[in-house]
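As stored in target-v1.cif (mmCIF, C-alpha atoms):
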```
data_input
loop_
_atom_site.label_atom_id
_atom_site.label_comp_id
_atom_site.auth_asym_id
_atom_site.auth_seq_id
_atom_site.Cartn_x
_atom_site.Cartn_y
_atom_site.Cartn_z
CA MET A 1 26.70 -6.57 34.63
CA THR A 2 27.47 -2.92 35.44
CA SER A 3 25.56 -0.48 33.25
CA PRO A 4 27.53 2.16 31.28
CA GLU A 5 25.85 4.87 33.36
CA ALA A 6 26.93 3.29 36.67
CA ALA A 7 30.45 2.72 35.33
CA ARG A 8 30.81 6.39 34.43
CA ASP A 9 29.68 7.41 37.91
CA ALA A 10 32.73 5.51 39.21
CA LEU A 11 34.98 6.67 36.38
CA LEU A 12 38.72 6.01 36.58
CA PRO A 13 40.05 9.33 35.26
CA LEU A 14 42.87 9.71 32.78
CA ALA A 15 44.84 11.96 35.11
CA ARG A 16 44.63 13.60 38.51
CA PRO A 17 47.11 16.12 39.95
CA VAL A 18 48.86 15.52 43.26
CA LEU A 19 47.72 18.47 45.38
CA GLY A 20 47.25 18.61 49.14
CA GLU A 21 47.49 20.61 52.32
CA ALA A 22 51.03 21.80 51.57
CA GLU A 23 49.88 23.55 48.40
CA ALA A 24 46.84 25.02 50.19
CA ALA A 25 49.04 26.36 52.99
CA ALA A 26 51.44 27.86 50.44
CA VAL A 27 48.61 29.76 48.77
CA GLN A 28 47.38 31.03 52.14
CA ARG A 29 50.88 32.18 52.99
CA VAL A 30 51.03 34.27 49.83
CA LEU A 31 47.54 35.69 50.36
CA ARG A 32 48.58 36.93 53.79
CA THR A 33 51.54 38.83 52.31
CA GLY A 34 49.29 40.86 50.01
CA TRP A 35 51.70 40.28 47.09
CA VAL A 36 49.95 37.93 44.69
CA SER A 37 51.35 38.90 41.26
CA GLN A 38 54.89 38.15 40.05
CA GLY A 39 57.25 38.70 42.96
CA PRO A 40 59.46 36.96 45.52
CA GLU A 41 57.70 33.57 45.28
CA VAL A 42 58.31 33.51 41.52
CA ALA A 43 62.00 34.31 42.07
CA ALA A 44 62.28 31.51 44.63
CA PHE A 45 60.47 29.06 42.36
CA GLU A 46 62.82 29.92 39.48
CA ALA A 47 65.91 29.34 41.61
CA GLU A 48 64.61 26.04 42.98
CA PHE A 49 63.50 24.80 39.56
CA ALA A 50 66.87 25.67 38.01
CA ALA A 51 68.63 23.71 40.74
CA ALA A 52 66.27 20.74 40.32
CA VAL A 53 66.98 20.34 36.59
CA GLY A 54 70.60 21.52 36.61
CA ALA A 55 70.04 24.72 34.62
CA PRO A 56 72.02 27.95 35.17
CA HIS A 57 68.91 30.09 34.58
CA ALA A 58 65.14 29.57 34.78
CA CYS A 59 62.48 32.14 33.83
CA ALA A 60 58.87 31.53 34.90
CA VAL A 61 56.08 32.45 32.47
CA ALA A 62 52.32 32.18 32.11
CA SER A 63 52.15 28.91 30.13
CA GLY A 64 54.13 26.35 28.19
CA THR A 65 53.02 28.04 24.96
CA ALA A 66 54.33 31.38 26.24
CA ALA A 67 57.61 29.63 27.05
CA LEU A 68 57.91 28.30 23.50
CA HIS A 69 57.00 31.65 21.94
CA LEU A 70 59.58 33.55 23.98
CA ALA A 71 62.25 30.88 23.48
CA LEU A 72 61.89 30.91 19.69
CA ARG A 73 61.86 34.69 19.63
CA GLY A 74 64.89 34.66 21.91
CA VAL A 75 67.01 32.56 19.55
CA GLY A 76 66.14 34.89 16.68
CA VAL A 77 63.13 33.34 14.95
CA GLY A 78 61.03 35.94 13.14
CA PRO A 79 58.83 36.56 10.10
CA GLY A 80 59.95 34.69 6.98
CA ASP A 81 62.05 32.17 8.90
CA GLU A 82 61.54 28.40 9.01
CA VAL A 83 61.67 26.19 12.10
CA ILE A 84 62.10 22.44 11.73
CA THR A 85 59.84 20.56 14.13
CA VAL A 86 57.31 17.72 14.30
CA SER A 87 53.67 17.77 13.35
CA HIS A 88 53.10 14.90 15.82
CA SER A 89 52.71 17.05 18.94
CA PHE A 90 50.14 19.16 20.72
CA VAL A 91 49.22 22.06 18.44
CA ALA A 92 51.01 24.56 20.71
CA THR A 93 54.36 23.39 19.30
CA ALA A 94 53.56 24.47 15.74
CA ALA A 95 51.46 27.42 16.91
CA SER A 96 54.43 28.91 18.75
CA VAL A 97 56.34 28.99 15.46
CA ARG A 98 53.42 30.76 13.77
CA HIS A 99 53.25 33.25 16.68
CA CYS A 100 56.75 34.36 15.60
CA GLY A 101 55.56 34.85 12.02
CA ALA A 102 57.66 31.87 10.93
CA LEU A 103 56.80 28.69 9.04
CA PRO A 104 56.86 25.29 10.76
CA VAL A 105 58.62 22.69 8.63
CA PHE A 106 57.37 19.27 9.68
CA VAL A 107 59.56 16.17 9.74
CA ASP A 108 58.50 12.64 10.61
CA VAL A 109 58.93 10.74 13.86
CA ASP A 110 60.66 7.52 14.79
CA PRO A 111 57.87 4.88 14.81
CA ALA A 112 59.39 3.24 17.90
CA THR A 113 59.23 6.33 20.13
CA GLY A 114 56.93 8.84 18.43
CA ASN A 115 59.68 11.45 18.74
CA LEU A 116 61.51 13.43 16.06
CA ASP A 117 63.58 11.15 13.82
CA PRO A 118 67.05 12.74 13.46
CA ARG A 119 67.45 11.04 10.06
CA CYS A 120 64.69 13.31 8.71
CA LEU A 121 66.45 16.58 9.54
CA ALA A 122 68.89 16.94 6.64
CA PRO A 123 66.30 17.12 3.80
CA ALA A 124 64.37 19.78 5.73
CA VAL A 125 67.15 22.36 5.94
CA THR A 126 66.98 25.37 3.59
CA VAL A 127 68.52 28.83 3.55
CA ALA A 128 65.48 30.00 5.54
CA THR A 129 65.95 27.53 8.41
CA ARG A 130 66.47 29.44 11.64
CA ALA A 131 66.08 26.84 14.40
CA ILE A 132 65.18 23.25 15.31
CA LEU A 133 62.34 22.67 17.77
CA CYS A 134 62.38 19.11 19.15
CA VAL A 135 59.72 17.64 21.45
CA HIS A 136 60.03 15.25 24.40
CA GLN A 137 56.64 13.77 23.60
CA LEU A 138 54.46 12.71 26.55
CA GLY A 139 57.52 12.96 28.78
CA MET A 140 59.68 10.57 26.72
CA PRO A 141 63.05 12.17 25.90
CA CYS A 142 63.88 12.41 22.22
CA ASP A 143 67.27 11.51 20.75
CA LEU A 144 68.92 14.71 21.95
CA GLU A 145 72.52 13.74 21.24
CA ALA A 146 71.85 13.12 17.54
CA ILE A 147 69.60 16.18 17.19
CA ALA A 148 72.00 18.48 19.08
CA ASP A 149 74.97 17.27 17.03
CA PHE A 150 73.06 17.97 13.81
CA ALA A 151 72.00 21.43 15.02
CA ALA A 152 75.56 22.32 16.01
CA ALA A 153 76.97 21.10 12.69
CA HIS A 154 74.53 23.36 10.82
CA GLY A 155 74.84 26.34 13.15
CA LEU A 156 71.19 26.17 14.20
CA PRO A 157 69.80 26.96 17.67
CA LEU A 158 68.07 23.99 19.32
CA VAL A 159 64.92 24.62 21.34
CA GLU A 160 63.51 21.76 23.46
CA ASP A 161 59.75 21.50 23.89
CA ALA A 162 59.91 19.81 27.28
CA ALA A 163 56.31 20.73 28.16
CA CYS A 164 55.60 17.20 29.42
CA ALA A 165 59.11 16.23 30.52
CA VAL A 166 59.84 17.69 33.96
CA GLY A 167 61.53 14.91 35.95
CA SER A 168 62.57 12.97 32.85
CA ALA A 169 66.24 12.19 32.29
CA ILE A 170 68.58 11.29 29.47
CA ARG A 171 72.04 9.74 29.23
CA TRP A 172 73.98 12.62 27.71
CA ARG A 173 77.57 11.97 26.62
CA GLY A 174 77.57 8.95 28.94
CA VAL A 175 76.19 10.76 32.00
CA TRP A 176 72.58 10.77 33.24
CA THR A 177 71.20 14.33 33.30
CA ARG A 178 67.76 15.87 33.79
CA ILE A 179 65.76 17.23 30.89
CA GLY A 180 65.89 21.00 31.27
CA ARG A 181 69.63 21.35 31.80
CA PRO A 182 69.24 22.43 28.88
CA HIS A 183 71.03 20.32 26.28
CA GLY A 184 70.26 22.75 23.46
CA HIS A 185 70.05 26.52 23.66
CA VAL A 186 66.83 26.60 25.68
CA ALA A 187 64.21 24.23 27.13
CA CYS A 188 60.52 24.98 27.73
CA PHE A 189 58.16 23.45 30.31
CA SER A 190 54.42 23.52 30.98
CA PHE A 191 52.71 23.38 34.37
CA HIS A 192 49.19 22.71 33.05
CA GLY A 193 46.90 20.63 35.25
CA ARG A 194 47.71 17.39 33.42
CA LYS A 195 51.46 17.80 33.78
CA VAL A 196 53.59 15.95 36.33
CA LEU A 197 54.29 19.23 38.14
CA THR A 198 51.35 21.64 38.02
CA THR A 199 50.53 25.20 39.02
CA GLY A 200 47.17 25.05 37.21
CA GLU A 201 48.66 26.98 34.31
CA GLY A 202 52.21 28.22 33.91
CA GLY A 203 55.53 27.48 32.31
CA MET A 204 59.30 27.79 32.62
CA VAL A 205 62.18 28.52 30.25
CA THR A 206 65.66 27.26 31.15
CA THR A 207 68.90 28.29 29.48
CA ALA A 208 72.64 28.53 30.07
CA ASP A 209 72.78 31.91 28.27
CA PRO A 210 72.53 34.83 30.74
CA ALA A 211 71.86 37.38 27.98
CA LEU A 212 68.98 35.29 26.63
CA ASP A 213 67.58 34.86 30.14
CA ALA A 214 67.65 38.64 30.62
CA ARG A 215 65.75 39.19 27.36
CA LEU A 216 63.11 36.64 28.31
CA ARG A 217 62.58 38.36 31.65
CA ARG A 218 61.98 41.71 29.95
CA TRP A 219 59.69 40.30 27.27
CA ARG A 220 57.49 38.37 29.72
CA SER A 221 56.56 41.66 31.40
CA HIS A 222 55.78 44.07 28.52
CA GLY A 223 59.48 44.73 27.84
CA VAL A 224 59.90 46.55 31.17
CA SER A 225 63.39 47.62 32.17
CA LEU A 226 62.82 47.10 35.91
CA PRO A 227 60.75 44.26 37.46
CA ALA A 228 58.11 45.29 39.99
CA ASP A 229 59.66 43.38 42.92
CA VAL A 230 63.02 45.07 42.32
CA ARG A 231 61.38 48.48 42.04
CA HIS A 232 59.41 48.04 45.26
CA ALA A 233 62.47 46.84 47.16
CA ALA A 234 64.56 49.84 46.11
CA SER A 235 65.55 52.35 48.84
CA GLN A 236 65.32 55.20 46.35
CA VAL A 237 62.66 56.09 43.83
CA ALA A 238 63.07 53.87 40.73
CA ILE A 239 61.10 54.49 37.58
CA GLU A 240 60.85 51.80 34.94
CA SER A 241 60.94 52.29 31.17
CA TYR A 242 59.73 50.24 28.22
CA PRO A 243 62.46 50.29 25.57
CA GLU A 244 60.87 47.52 23.49
CA PRO A 245 57.45 45.85 23.20
CA GLY A 246 56.83 42.68 25.16
CA PHE A 247 54.00 40.49 26.40
CA ASN A 248 51.97 39.84 29.53
CA TYR A 249 53.43 36.38 30.12
CA ARG A 250 53.96 36.66 33.88
CA LEU A 251 53.43 33.88 36.43
CA SER A 252 51.80 34.91 39.71
CA ASP A 253 53.21 34.39 43.18
CA LEU A 254 50.13 32.30 43.99
CA GLN A 255 51.04 29.86 41.23
CA ALA A 256 54.73 29.92 42.09
CA ALA A 257 54.00 29.03 45.71
CA VAL A 258 52.11 25.95 44.52
CA GLY A 259 54.98 25.15 42.15
CA ARG A 260 57.52 25.23 44.96
CA GLU A 261 55.54 22.62 46.90
CA GLN A 262 55.14 20.54 43.75
CA LEU A 263 58.91 20.57 43.26
CA ARG A 264 59.31 19.00 46.71
CA ARG A 265 57.02 16.18 45.60
CA LEU A 266 58.59 15.73 42.16
CA ALA A 267 60.96 12.84 42.87
CA ALA A 268 58.24 10.82 44.60
CA ILE A 269 55.70 11.60 41.87
CA VAL A 270 58.05 10.47 39.09
CA ALA A 271 59.03 7.32 41.00
CA ARG A 272 55.38 6.37 41.45
CA ARG A 273 54.55 7.06 37.80
CA ARG A 274 57.46 4.88 36.70
CA GLU A 275 56.22 2.11 39.01
CA LEU A 276 52.73 2.29 37.49
CA ALA A 277 54.17 2.28 33.96
CA ALA A 278 56.11 -0.88 34.83
CA ARG A 279 52.85 -2.45 36.04
CA TYR A 280 51.25 -1.58 32.70
CA ASP A 281 54.22 -3.11 30.87
CA ALA A 282 53.87 -6.34 32.86
CA ALA A 283 50.11 -6.54 32.27
CA LEU A 284 50.57 -6.04 28.52
CA ARG A 285 53.08 -8.86 28.03
CA GLY A 286 51.65 -11.36 25.60
CA VAL A 287 48.73 -9.13 24.55
CA ALA A 288 49.11 -9.24 20.78
CA ALA A 289 46.60 -6.52 19.91
CA ILE A 290 48.21 -3.83 22.08
CA ALA A 291 51.79 -2.56 21.89
CA PRO A 292 53.16 -0.73 24.95
CA PRO A 293 55.30 2.41 24.57
CA ARG A 294 59.03 1.92 24.24
CA GLU A 295 61.59 3.54 26.53
CA PRO A 296 65.08 3.59 24.93
CA ALA A 297 67.99 2.47 27.09
CA TRP A 298 69.32 6.04 27.12
CA ALA A 299 66.04 7.59 28.34
CA ARG A 300 64.11 7.70 31.61
CA SER A 301 60.59 8.97 31.09
CA ASN A 302 58.51 10.61 33.79
CA TRP A 303 55.56 8.81 32.14
CA GLN A 304 53.46 11.95 31.99
CA SER A 305 51.22 9.85 29.74
CA TYR A 306 51.12 6.15 28.89
CA ALA A 307 50.08 5.75 25.24
CA VAL A 308 49.62 2.29 23.74
CA ARG A 309 49.33 1.44 20.07
CA LEU A 310 46.45 -0.73 18.85
CA ALA A 311 46.75 -3.41 16.18
CA VAL A 312 45.93 -2.49 12.59
CA GLY A 313 42.21 -2.81 11.94
CA LEU A 314 41.03 -1.77 15.40
CA ASP A 315 39.00 1.44 15.62
CA PRO A 316 40.48 3.56 18.47
CA ARG A 317 37.28 5.58 18.88
CA GLN A 318 35.25 2.39 19.30
CA VAL A 319 37.78 0.97 21.75
CA MET A 320 37.78 4.21 23.75
CA GLN A 321 33.98 4.21 23.88
CA ARG A 322 33.93 0.64 25.19
CA LEU A 323 36.43 1.62 27.88
CA LEU A 324 34.35 4.64 28.81
CA ASP A 325 31.29 2.41 29.12
CA ALA A 326 33.39 0.25 31.46
CA GLY A 327 34.24 3.27 33.63
CA ILE A 328 37.73 4.00 32.27
CA ALA A 329 38.65 7.37 30.75
CA THR A 330 41.13 7.54 27.88
CA ARG A 331 42.37 10.06 25.34
CA PRO A 332 43.28 9.77 21.66
CA GLY A 333 46.90 9.58 20.61
CA VAL A 334 48.96 12.71 20.02
CA THR A 335 47.57 14.96 17.30
CA CYS A 336 49.24 15.80 14.00
CA ALA A 337 49.10 19.57 13.51
CA HIS A 338 49.17 19.33 9.71
CA ARG A 339 45.80 17.58 9.81
CA GLU A 340 44.12 20.25 11.95
CA GLY A 341 42.08 23.16 10.63
CA ALA A 342 44.29 25.60 12.50
CA PHE A 343 47.08 24.85 10.01
CA PRO A 344 45.64 25.16 6.50
CA ALA A 345 47.69 24.95 3.30
CA GLY A 346 50.37 27.60 3.19
CA THR A 347 50.89 27.77 6.96
CA TRP A 348 53.35 24.87 7.08
CA ARG A 349 55.73 22.93 4.87
CA CYS A 350 56.76 19.29 4.75
CA GLY A 351 60.47 18.78 5.34
CA GLY A 352 60.60 15.45 3.55
CA ASP A 353 60.35 16.91 0.07
CA PRO A 354 60.80 20.72 -0.04
CA ASP A 355 59.85 20.89 -3.72
CA GLY A 356 56.99 18.42 -3.72
CA CYS A 357 54.89 19.26 -0.67
CA ALA A 358 53.76 22.76 0.19
CA GLY A 359 51.48 22.03 3.09
CA GLU A 360 48.41 20.59 1.43
CA PRO A 361 45.69 19.36 3.80
CA GLY A 362 45.11 15.66 4.43
CA ALA A 363 47.60 12.80 4.36
CA CYS A 364 51.29 13.42 3.67
CA ARG A 365 53.46 10.54 2.57
CA HIS A 366 56.51 12.13 4.22
CA LEU A 367 54.76 12.15 7.59
CA ALA A 368 53.43 8.61 7.43
CA ALA A 369 54.87 7.50 10.79
CA SER A 370 53.37 10.57 12.48
CA GLU A 371 49.94 9.90 10.99
CA GLU A 372 50.03 6.22 11.91
CA ALA A 373 51.04 7.04 15.49
CA GLN A 374 48.04 9.35 15.77
CA ALA A 375 45.65 6.92 14.12
CA ARG A 376 46.50 3.88 16.24
CA SER A 377 47.36 5.25 19.69
CA ILE A 378 45.30 5.87 22.80
CA GLN A 379 46.38 7.19 26.20
CA LEU A 380 45.53 5.16 29.31
CA PRO A 381 44.95 6.40 32.87
CA LEU A 382 48.12 7.06 34.83
CA PHE A 383 48.39 9.19 37.98
CA PRO A 384 50.17 8.65 41.32
CA ASP A 385 47.17 7.80 43.51
CA MET A 386 45.97 5.01 41.24
CA HIS A 387 45.60 1.66 43.00
CA ASP A 388 48.40 -0.84 42.34
CA ASP A 389 45.90 -3.13 40.63
CA ASP A 390 44.43 -0.45 38.35
CA PRO A 391 46.88 -1.00 35.43
CA ARG A 392 45.99 -4.70 35.32
CA ARG A 393 42.28 -3.84 35.48
CA VAL A 394 42.63 -1.28 32.68
CA VAL A 395 44.52 -3.74 30.46
CA ALA A 396 41.91 -6.45 31.05
CA ALA A 397 39.16 -4.01 30.03
CA LEU A 398 41.24 -2.93 27.04
CA GLU A 399 41.62 -6.53 25.90
CA ARG A 400 37.84 -6.97 26.07
CA ALA A 401 37.32 -3.71 24.19
CA CYS A 402 39.67 -4.89 21.44
CA ALA A 403 38.06 -8.31 21.09
#
```
Rewrite the coordinates I just gave you, this time as structure tokens.
Amino acid sequence: MTSPEAARDALLPLARPVLGEAEAAAVQRVLRTGWVSQGPEVAAFEAEFAAAVGAPHACAVASGTAALHLALRGVGVGPGDEVITVSHSFVATAASVRHCGALPVFVDVDPATGNLDPRCLAPAVTVATRAILCVHQLGMPCDLEAIADFAAAHGLPLVEDAACAVGSAIRWRGVWTRIGRPHGHVACFSFHGRKVLTTGEGGMVTTADPALDARLRRWRSHGVSLPADVRHAASQVAIESYPEPGFNYRLSDLQAAVGREQLRRLAAIVARRRELAARYDAALRGVAAIAPPREPAWARSNWQSYAVRLAVGLDPRQVMQRLLDAGIATRPGVTCAHREGAFPAGTWRCGGDPDGCAGEPGACRHLAASEEAQARSIQLPLFPDMHDDDPRRVVAALERACA
């Protein structure tokens, strides 16, 4: 029998980015130009990304969190406002609302998908509601048609947290379209190392609103009136001004050059991830203790992560430890922000019962599906250069760990 120590030496990781000689050559190309901060490579990356997702405008920024912060600010969210969103997401979703001085109002998720349940929106709306922030969790598109229709009926801007969803698609009004079009007012992406498309760190904001795009471009660079690449390309002396405060949320040309090469790989990466997810699905058929994730008929996930749900009574931490001892890395299910110390009482509100829940720590009966999804889910390894047989091997080890 293989010892736990030996198994960890040959660990199957949870994720591994697809990076190669093309990305290395792109970085070298930029280094030779001497222009490494935001410049022509960023502009090219923005244009190519916009074309890839079908968006009129794309603005590159320093991270997915920066994208969310600017997007919410761009649609008018400010101090004293409320933003309806999910607790069941990486903490950056709720944190971006707090960065605007606003209050996140948490609604529950659909137990089948782990995404925002549109049926929970109506009780959450108050006179202070300024926007809806939906999440395409782990790359799985949420029910955008229902959410967008609700937002439009209530005159609320819709912001998509598409941090994990580059390459995912949704059937929108009967036609398949890419996430990022956008289908609401604005969509936000992350290029963190675990994402399907990575620049190490970085993000993108897509929108169909040219005025909003212009504001985002100013805010990402300290509110400057004239970008550096435009100023340096001018034939006459051009002096910038700073008419309003902004942020240092710029992406570098080094990162953008990597991103451009990643975009060329995107279709192949997503196809391979979908193939591996299908192999997981096949291996899990008939395994009673483990429920695979569900992809609705109207969604095509990029399978940024493959999260399974364990049967009631199983201890996820114990199962994960047994898998680690067998040389297989995993991660817990998606967090619930309302259970984290970063969001104490008074920094959030429950949308299920505006009068009866004011953001007290611990369990919340109106967020029961969110809490159960966190408590019973674990994420399994999934990355393009996995061996074809790895999903079956992981499921076999998972069955043993659940025994």
Exercise. Quick one: which residues end up in the PyMOL selection byres ((chain A and resi 113) around 8) for this structure, as a ChimeraX atom specification?
Worked result: /A:109-112,114-115,140,142,293-295
Exercise. Hey, what's within 8 Å of Glu201 of chain A if we count only C-alpha atoms and toss same-chain stuff fewer than 6 positions away? As a list in words, please?
Worked result: Ala62, Ser63, Ser190, Phe191, His192, Gly193 and Gln255 of chain A
Cut-off 12 Å: closest segment 36-125 of chain A/segment 265-274 of chain A atom pairs per residue, using all atoms listed in the file, as a Markdown table:
```
| residue | atom | partner | partner_atom | distance |
| --- | --- | --- | --- | --- |
| A:Glu48 | CA | A:Leu266 | CA | 12.0 |
| A:Phe49 | CA | A:Leu266 | CA | 10.6 |
| A:Ala52 | CA | A:Leu266 | CA | 9.4 |
| A:Val53 | CA | A:Leu266 | CA | 11.1 |
```
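Nearest to Ala163 of chain A of all the residues A:Cys402, A:Ala187, A:Ala368, A:Met386 is A:Ala187, based on all atoms listed in the file.
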Hey, could you pull the box centre and edge lengths for segment 9-19 of chain A, axis-aligned, 6 Å padding per side, all listed atoms, to one decimal in Å, as JSON?
```
{"center_x": 39.3, "center_y": 12.0, "center_z": 39.1, "size_x": 31.2, "size_y": 25.0, "size_z": 24.6}
```
For this session: Using the chain letters and numbering of this document, enumerate as a PyMOL selection string the residues selected by the PyMOL selection byres ((chain A and resi 204) around 6).
Result: chain A and resi 59-61+188-189+203+205
Write to file, as a PDB file, keeping the file's coordinate frame, the residues of the selection just made, with C-alpha atoms.
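out-v2.pdb, written as the output of this step:
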```pdb
ATOM      1  CA  CYS A  59      62.480  32.140  33.830  1.00  0.00           C
ATOM      2  CA  ALA A  60      58.870  31.530  34.900  1.00  0.00           C
ATOM      3  CA  VAL A  61      56.080  32.450  32.470  1.00  0.00           C
ATOM      4  CA  CYS A 188      60.520  24.980  27.730  1.00  0.00           C
ATOM      5  CA  PHE A 189      58.160  23.450  30.310  1.00  0.00           C
ATOM      6  CA  GLY A 203      55.530  27.480  32.310  1.00  0.00           C
ATOM      7  CA  VAL A 205      62.180  28.520  30.250  1.00  0.00           C
TER       8      VAL A 205
END
```
For this session: Mind giving me the straight-line distance from atom CA of Gln38 of chain A to atom CA of Arg215 of chain A in Å, one decimal?
Result: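 We find that atom CA of Gln38 of chain A and atom CA of Arg215 of chain A lie 16.7 Å from each other.
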For this session: To verify the selection step, state as a PyMOL selection string which residues the PyMOL selection byres ((chain A and resi 126-137) around 7) yields on this input.
Result: chain A and resi 77+81-85+89+115-116+124-125+138-142+156-162+164-165
For this session: Determine, counting all atoms listed in the file, which protein, DNA and RNA residues have an atom within 10 Å of an atom of Ala24 of chain A; residues of the same chain fewer than 6 positions away are not included. Present the result as a list in words.
Result: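 My list of contacting residues is Ala257, Val258 and Glu261 of chain A.
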Keeping only C-alpha atoms, take the residues you just selected and write them out as a compact mmCIF listing (two decimals), in the coordinates of the input.
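Generated output (part20.txt):
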```
# COMPACT_ATOMS: atom_id res chain seq x y z
CA ALA A 257 54.00 29.03 45.71
CA VAL A 258 52.11 25.95 44.52
CA GLU A 261 55.54 22.62 46.90
```
Problem set entry | Computed interatomic separation between atom CA of Ser96 of chain A and atom CA of Leu68 of chain A (Å) | 5.9 Å
For this session: Give me the residues within 7 Å of segment 169-171 of chain A as a PyMOL selection string, counting all atoms listed in the file and dropping any in the same chain fewer than 6 places off.
Result: chain A and resi 141+177-179+298-301
Exercise. From the set A:Ala401, A:Ser241, A:Phe247, A:Ala25, which residue has the shortest atom-to-atom contact distance to His69 of chain A, counting all atoms listed in the file?
Worked result: A:Phe247
Exercise. Quick one, how far is atom CA of Ala214 of chain A from atom CA of Arg260 of chain A?
Worked result: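 Here the two named atoms are 22.1 Å from each other.
Remark: for Ala92 of chain A, the closest of the candidate residues A:Ala153, A:Cys336, A:Met320, A:Ala15 is A:Cys336 (distances computed over all atoms listed in the file).
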Problem set entry | Selected residue, from A:Ile290, A:Ile328, A:Ile239, A:Ala369, that lies nearest to Val224 of chain A when counting all atoms listed in the file |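 Among A:Ile290, A:Ile328, A:Ile239, A:Ala369, it is A:Ile239 that comes nearest to Val224 of chain A.
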Contacts of Arg279 of chain A at 7 Å or less, counting all atoms listed in the file, minus same-chain residues fewer than 4 places along, as a PDB file with C-alpha atoms, keeping the file's coordinate frame?
```pdb
ATOM      1  CA  GLU A 275      56.220   2.110  39.010  1.00  0.00           C
ATOM      2  CA  ALA A 283      50.110  -6.540  32.270  1.00  0.00           C
ATOM      3  CA  PRO A 391      46.880  -1.000  35.430  1.00  0.00           C
TER       4      PRO A 391
END
```
For this session: Taking (63.9, 36.1, 44.5) in the file's own coordinates, collect the residues within 12 Å, counting all atoms listed in the file, and hand them back as a PyMOL selection string.
Result: chain A and resi 38-48+58-60+227-230+233+253+256
Exercise. Restricting the calculation to all atoms listed in the file, which member of A:Ala345, A:Gly74, A:Pro292, A:Val237 is positioned closest to Arg218 of chain A?
Worked result: A:Gly74
For this session: Name the closest residue to Leu380 of chain A among the candidates A:Gly286, A:Gly352, A:Pro13, A:Pro118; distances are taken between atoms, counting only C-alpha atoms.
Result: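 Using only C-alpha atoms, Leu380 of chain A sits closest to A:Pro13.
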